[in-house]
file protein25.pdb (PDB, C-alpha atoms)
ATOM      1  CA  MET A   1       0.000   0.000   0.000
ATOM      2  CA  VAL A   2       2.863   2.400   0.764
ATOM      3  CA  PRO A   3       4.366   2.200  -2.767
ATOM      4  CA  VAL A   4       1.005   3.094  -4.285
ATOM      5  CA  ILE A   5       0.625   6.099  -2.001
ATOM      6  CA  LEU A   6       4.172   7.272  -2.775
ATOM      7  CA  PHE A   7       3.531   6.862  -6.491
ATOM      8  CA  MET A   8       0.286   8.820  -6.348
ATOM      9  CA  ALA A   9       1.741  11.563  -4.142
ATOM     10  CA  ILE A  10       5.138  12.079  -5.797
ATOM     11  CA  VAL A  11       5.590  10.421  -9.166
ATOM     12  CA  ALA A  12       2.145  10.911 -10.725
ATOM     13  CA  PRO A  13       1.990  14.730 -10.307
ATOM     14  CA  ILE A  14       5.512  15.194 -11.677
ATOM     15  CA  TRP A  15       4.700  12.875 -14.564
ATOM     16  CA  LEU A  16       1.509  14.804 -15.380
ATOM     17  CA  VAL A  17       3.227  18.203 -15.230
ATOM     18  CA  LEU A  18       6.039  17.085 -17.537
ATOM     19  CA  HIS A  19       3.595  15.409 -19.927
ATOM     20  CA  TYR A  20       1.383  18.453 -20.364
ATOM     21  CA  ARG A  21       4.366  20.811 -20.552
ATOM     22  CA  SER A  22       5.741  18.845 -23.494
ATOM     23  CA  LYS A  23       2.290  18.795 -25.140
ATOM     24  CA  ARG A  24       2.078  22.587 -24.832
ATOM     25  CA  GLN A  25       5.526  23.056 -26.379
ATOM     26  CA  ILE A  26       4.593  20.846 -29.314
ATOM     27  CA  SER A  27       1.333  22.698 -29.938
ATOM     28  CA  GLN A  28       3.008  26.136 -29.951
ATOM     29  CA  GLY A  29       4.514  25.524 -33.382
ATOM     30  CA  LEU A  30       7.840  26.593 -34.817
ATOM     31  CA  THR A  31      10.069  29.237 -33.300
ATOM     32  CA  GLU A  32      11.481  32.002 -35.500
ATOM     33  CA  ASP A  33      14.855  30.237 -35.739
ATOM     34  CA  GLU A  34      13.226  26.922 -36.655
ATOM     35  CA  TYR A  35      11.122  28.641 -39.314
ATOM     36  CA  GLN A  36      14.240  30.304 -40.751
ATOM     37  CA  GLN A  37      16.092  26.972 -40.816
ATOM     38  CA  LEU A  38      13.127  25.320 -42.496
ATOM     39  CA  THR A  39      13.040  28.045 -45.150
ATOM     40  CA  GLU A  40      16.789  27.711 -45.792
ATOM     41  CA  LEU A  41      16.513  23.936 -46.077
ATOM     42  CA  SER A  42      13.608  24.298 -48.479
ATOM     43  CA  ASP A  43      15.642  26.672 -50.665
ATOM     44  CA  LEU A  44      18.589  24.274 -50.621
ATOM     45  CA  ALA A  45      16.319  21.384 -51.575
ATOM     46  CA  ASP A  46      14.933  23.379 -54.515
ATOM     47  CA  LYS A  47      18.463  24.192 -55.707
ATOM     48  CA  MET A  48      19.490  20.546 -55.365
ATOM     49  CA  ALA A  49      16.430  19.416 -57.336
ATOM     50  CA  ALA A  50      17.347  21.837 -60.137
ATOM     51  CA  ARG A  51      20.932  20.535 -60.175
ATOM     52  CA  ILE A  52      19.744  16.943 -60.318
ATOM     53  CA  LYS A  53      17.436  17.788 -63.238
ATOM     54  CA  THR A  54      20.360  19.405 -65.052
ATOM     55  CA  LEU A  55      22.626  16.433 -64.403
ATOM     56  CA  GLU A  56      19.968  13.998 -65.580
ATOM     57  CA  ALA A  57      19.468  16.044 -68.761
ATOM     58  CA  ILE A  58      23.232  15.969 -69.426
ATOM     59  CA  LEU A  59      23.391  12.213 -68.793
ATOM     60  CA  ASP A  60      20.352  11.621 -71.016
ATOM     61  CA  ALA A  61      22.044  13.531 -73.845
ATOM     62  CA  GLU A  62      25.446  11.849 -73.470
ATOM     63  CA  THR A  63      24.469   8.325 -72.362
ATOM     64  CA  PRO A  64      20.793   7.557 -73.020
ATOM     65  CA  GLU A  65      20.975   4.092 -71.369
ATOM     66  CA  TRP A  66      22.400   5.268 -68.033
ATOM     67  CA  ARG A  67      19.115   4.694 -66.224
ATOM     68  CA  ASP A  68      19.085   1.026 -67.246
ATOM     69  CA  LYS A  69      22.494   0.478 -65.649
ATOM     70  CA  LEU A  70      21.191   1.352 -62.188
TER
END

call {"tool": "encode", "arguments": {"input": "protein25.pdb", "output": "C-alpha cells"}}
result
Amino acid sequence: MVPVILFMAIVAPIWLVLHYRSKRQISQGLTEDEYQQLTELSDLADKMAARIKTLEAILDAETPEWRDKL
C-alpha cells in the first residue's frame, strides 16, 4: 500500500506536469529560428532538385541508357 501512495503523491503529479508541458511546447509551433532553418533547407532542396534535373538532362544527352544500368 505504501508504494502506491508514494507513487500517487510524488511520481504521478511530476509525470503529469512534464507530460502536459511537453504537449504545450509541441502545440506552440515553430520558433522564428526553426522557421528560418526550415526556409533555408527548403531553398537548398529546390536548388538541389534543379541541379539533379540538369545532371539527368546531361546524362540523357550523353548516355541515353544510363538509367538502365542502375

call {"tool": "atom_distance", "arguments": {"input": "protein25.pdb", "atom1": "CA of Ile10 (chain A)", "atom2": "CA of Ser27 (chain A)"}}
result
26.6 Å

call {"tool": "atom_distance", "arguments": {"input": "protein25.pdb", "atom1": "CA of Glu56 (chain A)", "atom2": "CA of Leu44 (chain A)"}}
result
18.2 Å

call {"tool": "atom_distance", "arguments": {"input": "protein25.pdb", "atom1": "CA of Pro64 (chain A)", "atom2": "CA of Ala50 (chain A)"}}
result
19.5 Å

call {"tool": "build_atoms", "arguments": {"input": "protein25.pdb", "residues": "region 16-27 of chain A", "atoms": "N, CA and C atoms", "output": "compact mmCIF listing (two decimals), in the coordinates of the input"}}
result
# COMPACT_ATOMS: atom_id res chain seq x y z
N LEU A 16 2.56 14.04 -14.71
CA LEU A 16 1.51 14.80 -15.38
C LEU A 16 1.99 16.20 -15.79
N VAL A 17 2.72 16.87 -14.91
CA VAL A 17 3.23 18.20 -15.23
C VAL A 17 4.16 18.14 -16.43
N LEU A 18 5.10 17.21 -16.42
CA LEU A 18 6.04 17.08 -17.54
C LEU A 18 5.33 16.70 -18.83
N HIS A 19 4.34 15.84 -18.74
CA HIS A 19 3.60 15.41 -19.93
C HIS A 19 2.88 16.59 -20.59
N TYR A 20 2.14 17.34 -19.79
CA TYR A 20 1.38 18.45 -20.36
C TYR A 20 2.27 19.62 -20.76
N ARG A 21 3.41 19.78 -20.13
CA ARG A 21 4.37 20.81 -20.55
C ARG A 21 4.91 20.48 -21.94
N SER A 22 5.24 19.22 -22.17
CA SER A 22 5.74 18.84 -23.49
C SER A 22 4.64 18.96 -24.55
N LYS A 23 3.41 18.63 -24.20
CA LYS A 23 2.29 18.80 -25.14
C LYS A 23 2.10 20.26 -25.53
N ARG A 24 2.25 21.16 -24.56
CA ARG A 24 2.08 22.59 -24.83
C ARG A 24 3.19 23.09 -25.76
N GLN A 25 4.41 22.63 -25.53
CA GLN A 25 5.53 23.06 -26.38
C GLN A 25 5.34 22.57 -27.81
N ILE A 26 4.82 21.38 -27.97
CA ILE A 26 4.59 20.85 -29.31
C ILE A 26 3.50 21.64 -30.03
N SER A 27 2.46 22.01 -29.31
CA SER A 27 1.33 22.70 -29.94
C SER A 27 1.63 24.16 -30.25
